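So this one's coords_38.txt, compact mmCIF, C-alpha atoms:
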```txt
# COMPACT_ATOMS: atom_id res chain seq x y z
CA MET A 9 -35.32 0.76 22.45
CA ARG A 10 -37.15 1.78 19.26
CA TRP A 11 -34.92 4.84 18.97
CA HIS A 12 -31.82 2.68 19.52
CA ARG A 13 -32.90 0.18 16.83
CA ALA A 14 -33.67 2.97 14.39
CA ARG A 15 -30.30 4.57 15.02
CA LEU A 16 -28.50 1.24 14.44
CA THR A 17 -30.46 0.68 11.23
CA VAL A 18 -29.52 4.09 9.87
CA ARG A 19 -25.92 3.55 10.89
CA ARG A 20 -25.73 0.16 9.15
CA SER A 21 -27.30 1.63 6.02
CA ALA A 22 -24.79 4.47 6.01
CA VAL A 23 -21.88 2.07 6.48
CA ASP A 24 -23.13 -0.19 3.67
CA TYR A 25 -23.57 2.81 1.40
CA PHE A 26 -20.09 4.19 1.89
CA ARG A 27 -18.59 0.71 1.52
CA GLY A 28 -20.38 0.38 -1.81
CA ASP A 29 -22.62 -2.50 -0.69
CA ALA A 30 -25.85 -0.55 -1.24
CA PRO A 31 -27.42 0.81 -4.46
CA ASP A 32 -27.06 4.50 -5.23
CA TRP A 33 -30.79 5.21 -5.19
CA THR A 34 -30.54 6.50 -1.64
CA GLY A 35 -27.83 8.97 -2.57
CA LEU A 36 -29.75 9.98 -5.69
CA ALA A 37 -32.91 10.63 -3.67
CA VAL A 38 -31.05 12.80 -1.17
CA LEU A 39 -29.37 14.81 -3.90
CA LEU A 40 -32.64 15.24 -5.82
CA LEU A 41 -34.21 16.68 -2.67
CA THR A 42 -31.20 18.95 -2.20
CA VAL A 43 -31.62 20.55 -5.64
CA PRO A 44 -35.10 22.10 -5.05
CA ALA A 45 -34.09 23.05 -1.51
CA LEU A 46 -31.16 25.03 -2.90
CA ALA A 47 -33.37 26.55 -5.60
CA VAL A 48 -35.93 27.77 -3.04
CA THR A 49 -33.14 29.16 -0.83
CA THR A 50 -31.63 30.96 -3.83
CA VAL A 51 -34.97 32.57 -4.69
CA CYS A 52 -35.54 33.66 -1.07
CA VAL A 53 -32.02 34.81 -0.13
CA PRO A 54 -29.96 35.00 -3.36
CA VAL A 55 -27.22 37.00 -1.66
CA TRP A 56 -26.39 34.15 0.75
CA CYS A 57 -27.19 31.26 -1.60
CA PRO A 58 -26.22 32.17 -5.18
CA PRO A 59 -27.44 30.17 -8.18
CA SER A 60 -23.96 28.60 -8.53
CA ALA A 61 -24.65 26.67 -5.28
CA LEU A 62 -26.11 23.95 -7.50
CA VAL A 63 -22.56 22.78 -8.17
CA LEU A 64 -22.53 21.21 -4.68
CA PRO A 65 -25.03 18.38 -5.37
CA ILE A 66 -23.69 18.05 -8.92
CA LEU A 67 -20.12 17.54 -7.71
CA THR A 68 -21.24 15.16 -4.95
CA GLY A 69 -23.25 13.17 -7.48
CA GLY A 70 -20.21 12.90 -9.76
CA LEU A 71 -18.32 11.23 -6.91
CA LEU A 72 -21.11 8.94 -5.68
CA LEU A 73 -23.57 8.12 -8.46
CA ARG A 74 -23.52 5.98 -11.56
CA PRO A 75 -23.66 7.77 -14.93
CA ALA A 76 -27.34 6.87 -15.51
CA SER A 77 -28.38 8.21 -12.11
CA LEU A 78 -26.17 11.23 -12.61
CA LEU A 79 -28.12 12.25 -15.74
CA LEU A 80 -31.33 12.39 -13.67
CA LEU A 81 -29.61 14.69 -11.20
CA TYR A 82 -28.37 16.90 -14.04
CA ALA A 83 -31.88 17.16 -15.45
CA ALA A 84 -33.24 18.25 -12.07
CA SER A 85 -30.43 20.79 -11.73
CA ALA A 86 -31.14 22.22 -15.18
CA VAL A 87 -34.84 22.62 -14.31
CA ALA A 88 -33.86 24.33 -11.03
CA LEU A 89 -31.49 26.68 -12.86
CA VAL A 90 -34.18 27.64 -15.41
CA SER A 91 -36.71 28.18 -12.62
CA GLU A 92 -34.31 30.41 -10.70
CA SER A 93 -33.65 32.47 -13.81
CA ALA A 94 -37.38 32.90 -14.46
CA VAL A 95 -38.19 33.92 -10.87
CA LEU A 96 -35.19 36.20 -10.25
CA GLY A 97 -35.42 37.89 -13.62
CA PRO A 98 -32.73 38.96 -16.13
CA TYR A 99 -29.22 39.19 -14.72
CA ARG A 100 -28.86 42.79 -15.95
CA GLU A 101 -31.50 43.97 -13.46
CA GLY A 102 -29.50 43.27 -10.30
CA PRO A 103 -26.94 41.14 -8.49
CA ALA A 104 -27.26 37.48 -7.43
CA ARG A 105 -29.02 36.47 -10.67
CA VAL A 106 -28.45 33.58 -13.03
CA THR A 107 -25.70 34.89 -15.28
CA PRO A 108 -24.06 33.25 -18.32
CA GLY A 109 -21.02 32.70 -16.10
CA THR A 110 -23.17 30.76 -13.62
CA VAL A 111 -24.42 28.52 -16.40
CA LEU A 112 -20.86 27.91 -17.65
CA VAL A 113 -19.58 27.04 -14.16
CA VAL A 114 -22.44 24.61 -13.45
CA THR A 115 -22.03 23.02 -16.89
CA ALA A 116 -18.26 22.62 -16.48
CA VAL A 117 -18.66 20.98 -13.07
CA ALA A 118 -21.37 18.69 -14.47
CA LEU A 119 -19.15 17.57 -17.35
CA THR A 120 -16.27 16.94 -14.94
CA GLY A 121 -18.51 14.87 -12.67
CA LEU A 122 -19.77 12.85 -15.64
CA ILE A 123 -16.22 12.07 -16.78
CA ILE A 124 -15.32 10.93 -13.25
CA ALA A 125 -18.44 8.77 -13.05
CA GLN A 126 -17.77 7.16 -16.43
CA PHE A 127 -14.18 6.40 -15.51
CA ARG A 128 -15.32 4.89 -12.20
CA ALA A 129 -17.92 2.79 -14.01
CA ARG A 130 -15.28 1.63 -16.48
CA VAL A 131 -13.06 0.48 -13.61
CA GLY A 132 -16.06 -1.27 -12.07
CA VAL A 133 -15.41 -0.09 -8.50
CA PRO A 134 -17.65 2.47 -6.78
CA TRP A 135 -15.83 5.57 -5.58
CA ARG A 136 -16.73 4.97 -1.96
CA ARG A 137 -15.88 1.27 -2.22
CA GLY A 138 -12.54 1.97 -3.93
CA HIS A 139 -11.09 3.65 -0.85
CA THR A 140 -12.24 0.74 1.31
CA MET A 141 -10.62 -1.73 -1.06
CA LEU A 142 -7.32 0.13 -0.91
CA PHE A 143 -7.48 0.22 2.89
CA ASP A 144 -8.23 -3.53 3.06
CA LEU A 145 -5.46 -4.19 0.56
CA ARG A 146 -2.93 -2.26 2.63
CA GLU A 147 -3.90 -4.13 5.79
CA ARG A 148 -3.68 -7.51 4.05
CA ILE A 149 -0.18 -6.68 2.84
CA ARG A 150 0.83 -5.77 6.38
CA VAL A 151 -0.61 -8.98 7.81
CA GLN A 152 1.10 -11.05 5.12
CA SER A 153 4.45 -9.38 5.93
CA ARG A 154 4.32 -10.20 9.63
CA LEU A 155 7.08 -12.44 10.87
CA PRO A 156 6.11 -15.60 12.75
CA ARG A 157 6.67 -15.83 16.48
CA LEU A 158 10.11 -17.24 17.28
CA PRO A 159 11.14 -19.41 20.23
CA ALA A 160 12.94 -18.02 23.25
CA GLY A 161 16.46 -16.86 22.47
CA TRP A 162 15.59 -15.51 19.04
CA HIS A 163 14.34 -12.16 17.83
CA ALA A 164 13.36 -11.02 14.34
CA GLU A 165 11.78 -7.79 13.11
CA MET A 166 11.12 -6.15 9.80
CA ALA A 167 10.69 -2.50 8.79
CA LEU A 168 9.36 -1.26 5.47
CA ARG A 169 9.35 2.33 4.25
CA PRO A 170 7.77 2.97 0.80
CA ALA A 171 9.02 5.74 -1.47
CA GLY A 172 7.44 9.14 -1.08
CA GLY A 173 5.62 8.26 2.14
CA GLN A 174 3.08 6.12 0.26
CA SER A 175 1.24 3.11 1.68
CA PHE A 176 2.34 0.63 -0.98
CA SER A 177 5.83 -0.55 -1.76
CA GLY A 178 7.76 -2.59 -4.27
CA ASP A 179 9.63 -4.28 -1.38
CA PHE A 180 8.03 -7.02 0.67
CA VAL A 181 8.83 -9.84 3.09
CA VAL A 182 7.17 -13.23 3.43
CA ALA A 183 8.15 -15.62 6.19
CA THR A 184 7.04 -18.88 7.75
CA ARG A 185 8.25 -21.64 10.04
CA THR A 186 8.67 -25.10 8.55
CA SER A 187 9.87 -28.54 9.66
CA GLU A 188 7.42 -28.52 12.58
CA GLY A 189 8.52 -25.03 13.57
CA ARG A 190 12.21 -25.83 13.75
CA VAL A 191 13.21 -23.84 10.65
CA LEU A 192 12.53 -20.19 9.85
CA GLU A 193 12.24 -19.35 6.16
CA ALA A 194 12.10 -15.67 5.21
CA VAL A 195 12.22 -14.08 1.76
CA LEU A 196 13.00 -10.40 1.19
CA THR A 197 12.15 -9.24 -2.35
CA ASP A 198 12.69 -6.00 -4.22
CA VAL A 199 10.46 -5.64 -7.29
CA SER A 200 11.68 -3.43 -10.12
CA GLY A 201 10.28 0.07 -9.89
CA LYS A 202 9.21 1.81 -6.70
CA GLY A 203 6.16 2.98 -4.81
CA MET A 204 2.80 2.77 -6.58
CA ASP A 205 4.44 1.83 -9.89
CA ALA A 206 5.64 -1.45 -8.40
CA ALA A 207 2.79 -1.95 -5.91
CA SER A 208 0.55 -4.08 -8.13
CA ARG A 209 3.38 -6.41 -9.12
CA SER A 210 4.59 -6.53 -5.52
CA LEU A 211 1.12 -7.52 -4.35
CA LEU A 212 0.85 -10.31 -6.90
CA LEU A 213 4.34 -11.63 -6.16
CA SER A 214 3.93 -11.49 -2.38
CA GLY A 215 0.83 -13.67 -2.62
CA ALA A 216 2.52 -16.12 -4.96
CA PHE A 217 5.75 -16.25 -2.94
CA GLY A 218 3.78 -16.70 0.27
CA GLY A 219 2.10 -19.75 -1.27
CA LEU A 220 5.39 -21.20 -2.52
CA LEU A 221 7.33 -20.62 0.69
CA GLY A 222 7.19 -23.67 2.89
CA SER A 223 5.43 -25.72 0.22
CA LEU A 224 8.68 -26.46 -1.61
CA PRO A 225 12.13 -27.55 -0.45
CA PRO A 226 14.33 -24.50 0.27
CA HIS A 227 16.50 -24.99 -2.83
CA SER A 228 13.41 -25.19 -5.06
CA PHE A 229 11.86 -21.91 -3.98
CA LEU A 230 13.89 -19.44 -6.07
CA PRO A 231 13.72 -21.56 -9.28
CA ALA A 232 9.94 -21.77 -8.84
CA ALA A 233 9.72 -18.02 -8.19
CA ASN A 234 11.85 -17.36 -11.27
CA GLY A 235 9.56 -19.49 -13.42
CA TYR A 236 6.51 -17.68 -12.07
CA LEU A 237 7.92 -14.27 -13.05
CA LEU A 238 8.84 -15.49 -16.52
CA ARG A 239 5.26 -16.68 -17.09
CA GLN A 240 3.90 -13.19 -16.36
CA ASN A 241 5.60 -11.66 -19.45
CA TRP A 242 5.85 -8.24 -17.80
CA ASP A 243 7.68 -5.48 -19.67
CA GLU A 244 9.49 -4.61 -16.44
CA GLY A 245 9.21 -7.93 -14.72
CA PHE A 246 12.48 -8.62 -12.93
CA ALA A 247 13.04 -8.68 -9.19
CA THR A 248 15.80 -9.39 -6.72
CA SER A 249 15.25 -11.69 -3.78
CA VAL A 250 17.14 -13.21 -0.87
CA HIS A 251 15.97 -16.39 0.85
CA LEU A 252 17.02 -17.14 4.43
CA VAL A 253 16.72 -20.69 5.77
CA LEU A 254 17.55 -20.67 9.50
CA ASP A 255 17.63 -23.65 11.86
CA LEU A 256 16.29 -22.26 15.14
CA GLU A 257 17.83 -25.05 17.19
CA SER A 258 21.42 -25.03 15.98
CA GLY A 259 21.64 -21.51 14.55
CA ASP A 260 22.92 -22.82 11.21
CA TYR A 261 21.54 -21.00 8.20
CA GLU A 262 21.77 -20.89 4.43
CA LEU A 263 21.35 -17.76 2.37
CA LEU A 264 20.24 -18.04 -1.25
CA SER A 265 20.18 -14.97 -3.45
CA ALA A 266 18.65 -13.96 -6.77
CA GLY A 267 20.68 -10.91 -7.73
CA HIS A 268 20.13 -9.38 -4.29
CA LEU A 269 22.55 -7.42 -2.15
CA PRO A 270 24.64 -9.39 0.34
CA GLY A 271 23.53 -9.54 3.93
CA VAL A 272 25.79 -8.55 6.81
CA GLN A 273 26.39 -10.58 9.96
CA LEU A 274 27.72 -9.39 13.28
CA HIS A 275 29.99 -11.93 14.98
CA ALA A 276 29.52 -11.16 18.66
CA GLY A 277 32.72 -12.95 19.65
CA SER A 278 34.97 -10.68 17.59
CA GLY A 279 32.65 -7.67 17.22
CA GLN A 280 33.27 -7.69 13.46
CA TRP A 281 30.73 -7.43 10.66
CA GLU A 282 30.98 -9.81 7.69
CA ALA A 283 29.29 -9.54 4.31
CA ILE A 284 27.37 -12.73 3.42
CA ALA A 285 27.03 -12.87 -0.36
CA ALA A 286 25.31 -15.67 -2.27
CA GLU A 287 25.31 -16.01 -6.04
CA GLY A 288 22.37 -16.06 -8.39
CA PRO A 289 20.83 -14.12 -11.31
CA LEU A 290 17.85 -11.77 -11.15
CA LEU A 291 14.39 -13.32 -11.01
CA GLY A 292 12.47 -13.17 -14.27
CA VAL A 293 15.43 -12.80 -16.63
CA TYR A 294 15.95 -16.27 -18.09
CA ASP A 295 14.76 -19.81 -17.52
CA GLY A 296 16.86 -22.53 -15.93
CA ALA A 297 18.71 -20.17 -13.60
CA GLU A 298 20.76 -21.70 -10.78
CA PHE A 299 20.99 -20.18 -7.32
CA LEU A 300 23.96 -21.11 -5.16
CA GLY A 301 23.62 -20.67 -1.42
CA VAL A 302 26.15 -19.70 1.23
CA LYS A 303 26.08 -21.20 4.72
CA GLY A 304 26.79 -19.72 8.10
CA THR A 305 25.91 -19.92 11.78
CA LEU A 306 24.29 -17.45 14.16
CA ARG A 307 25.79 -17.94 17.61
CA SER A 308 24.82 -16.25 20.84
CA GLY A 309 24.77 -12.48 20.33
CA ASP A 310 25.12 -12.67 16.55
CA VAL A 311 22.96 -10.51 14.28
CA LEU A 312 22.04 -10.87 10.60
CA LEU A 313 20.80 -7.90 8.54
CA LEU A 314 19.08 -8.31 5.18
CA PHE A 315 18.03 -5.20 3.24
CA THR A 316 17.10 -3.78 -0.15
CA ASP A 317 19.17 -1.37 -2.22
CA GLY A 318 17.02 1.64 -1.34
CA LEU A 319 18.53 1.54 2.14
CA VAL A 320 22.16 1.74 1.08
CA GLU A 321 22.26 3.18 -2.45
CA THR A 322 21.45 6.71 -3.57
CA ALA A 323 22.48 9.01 -6.39
CA GLU A 324 25.07 10.58 -4.08
CA ARG A 325 26.64 7.40 -2.69
CA ASP A 326 27.35 3.90 -3.95
CA ILE A 327 26.36 0.61 -2.34
CA ALA A 328 29.71 0.05 -0.58
CA GLU A 329 29.55 3.45 1.10
CA GLY A 330 25.92 2.90 2.05
CA MET A 331 26.68 -0.48 3.61
CA ASP A 332 29.52 1.04 5.62
CA ARG A 333 27.14 3.67 6.93
CA LEU A 334 24.53 1.03 7.80
CA ILE A 335 27.10 -1.04 9.68
CA GLY A 336 28.34 2.05 11.50
CA GLU A 337 24.82 2.89 12.67
CA ALA A 338 24.12 -0.74 13.57
CA ASP A 339 27.21 -0.80 15.79
CA ARG A 340 25.44 1.59 18.14
CA PHE A 341 22.85 -1.09 18.96
CA VAL A 342 25.40 -3.72 19.97
CA ALA A 343 25.49 -2.54 23.58
CA THR A 344 21.73 -1.95 23.99
CA GLY A 345 20.37 -4.77 21.84
CA PHE A 346 18.66 -4.83 18.45
CA ARG A 347 15.05 -4.91 19.59
CA GLY A 348 13.27 -2.04 17.87
CA SER A 349 16.32 -1.30 15.74
CA ALA A 350 14.85 -1.86 12.26
CA TRP A 351 12.79 1.33 12.06
CA ARG A 352 15.47 3.40 13.73
CA LEU A 353 18.15 2.16 11.34
CA ILE A 354 16.05 3.16 8.34
CA GLU A 355 15.45 6.58 9.91
CA GLN A 356 19.16 7.09 10.57
CA VAL A 357 20.53 5.72 7.31
CA ALA A 358 17.93 6.54 4.63
CA LYS A 359 15.22 8.76 6.07
CA ASP A 360 14.64 11.04 3.07
CA VAL A 361 15.54 8.65 0.26
CA ASN A 362 12.97 8.58 -2.56
CA ASP A 363 13.05 4.82 -2.91
CA ASP A 364 11.49 1.80 -1.25
CA ARG A 365 13.48 0.65 1.76
CA ALA A 366 13.18 -2.62 3.65
CA LEU A 367 15.27 -4.11 6.46
CA LEU A 368 15.05 -7.52 8.10
CA VAL A 369 16.88 -8.04 11.40
CA VAL A 370 17.42 -11.51 12.86
CA CYS A 371 19.39 -11.86 16.08
CA ARG A 372 20.18 -14.57 18.60
CA ASP A 373 20.07 -13.42 22.21
```

Can the structure in the file be given as structure tokens, please?
Amino acid sequence: MRWHRARLTVRRSAVDYFRGDAPDWTGLAVLLLTVPALAVTTVCVPVWCPPSALVLPILTGGLLLRPASLLLLYAASAVALVSESAVLGPYREGPARVTPGTVLVVTAVALTGLIIAQFRARVGVPWRRGHTMLFDLRERIRVQSRLPRLPAGWHAEMALRPAGGQSFSGDFVVATRTSEGRVLEAVLTDVSGKGMDAASRSLLLSGAFGGLLGSLPPHSFLPAANGYLLRQNWDEGFATSVHLVLDLESGDYELLSAGHLPGVQLHAGSGQWEAIAAEGPLLGVYDGAEFLGVKGTLRSGDVLLLFTDGLVETAERDIAEGMDRLIGEADRFVATGFRGSAWRLIEQVAKDVNDDRALLVVCRD
């Protein structure tokens, strides 16, 4: 039991350290002990442990320690390097000695580590904690983009593919059920830019839009979102957005757009696809913008697709051609059903496109 408690204590300490919740004195102490250990090994077996091995604790310290602690490590490394030189003798007398090149390499690595540590201190986020923050941020975005559970007879799914295989995207979806669960409201937004360049703005807007959605009447959402973007005063601050308001009892819906691409609806009775285009300017361009909605109905077997321009527009093809290709690929799911179709449609239509791609599929069984 004592061994088990000790193991858990060490494990918790290690977890806290790598999350950035612990001071860096532990890491400094370990690295300070590593320096004389390497120096002794170099003196005993210089062929297997050359003097340049000191770059290992120096580089590790540059990634883990604060600048003040890093200077203590550098001082210990300098003392170790001088001691090795004194014990091994002049470098002209044999191999595996402290040469001027060794000193230059260790100094260059130390300066690089110090620059990294100063930049990290300027940001205010420990290196080990920064990766955890990015991981938590990615998971929060995914949770926020989840669609609510729908009643029997309805199915909705969303697929998001950032540009360049990254984890963050300029496209996002927020959705909720309002009117005591009778109405589904979903907003698909495409922030200007792509990938990491648009990720910070996308994160801020997704949180703001998630707070606005359901708190305002449907026709007030886009004007409020437009006002929010204007208040940010971003140099590249516009976005396109489409707002779906769907009555889950009757199937009636209204689509409101802010400069976004039209959606496409499959009418199961005729087997034909129809473009559903609403009118409205881009978000964040000018104040007092008006957004006019278009109404429709999803009957049994009908499907509605909402998507961003990265899915249908490339340098080699225009939007009309891309939408035709999307509809052609979507036709293949009519016989088998659209469950699990969102990811496969992105793979088939725009797998290697260097742009953010998002697709929202809503269908009535």

Quiz item: Contacts of Pro58 (chain A) at 10 Å or less, counting only C-alpha atoms, minus same-chain residues fewer than 3 places along, as JSON, numbers by chain?
Solution: {"A": [46, 47, 49, 50, 51, 53, 54, 55, 61, 62, 92, 103, 104, 105, 106, 110]}

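Note that the spacing between CA of Thr322 (chain A) and CA of Leu291 (chain A) amounts to 22.5 Å.
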
Self-check item: Non-local contacts of Trp162 (chain A) (10 Å; only C-alpha atoms; under 3 positions in same chain excluded) as a PyMOL selection string
Solution: chain A and resi 157-159+256-257+259+308-309+370-373

Quiz item: Any idea what the distance is between CA of Arg347 (chain A) and CA of Leu312 (chain A)?
Solution: 12.9 Å

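Proximity to Ser77 (chain A) was assessed for A:Ala125, A:Ile354, A:Leu211, A:Ala171 counting all atoms listed in the file; the smallest distance is recorded for A:Ala125.
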
Exercise. Check the smallest atom-to-atom distance from each of A:Arg209, A:Arg190, A:Lys303, A:His12 to Pro156 (chain A) using all atoms listed in the file, then report the winner.
Key: A:Arg190
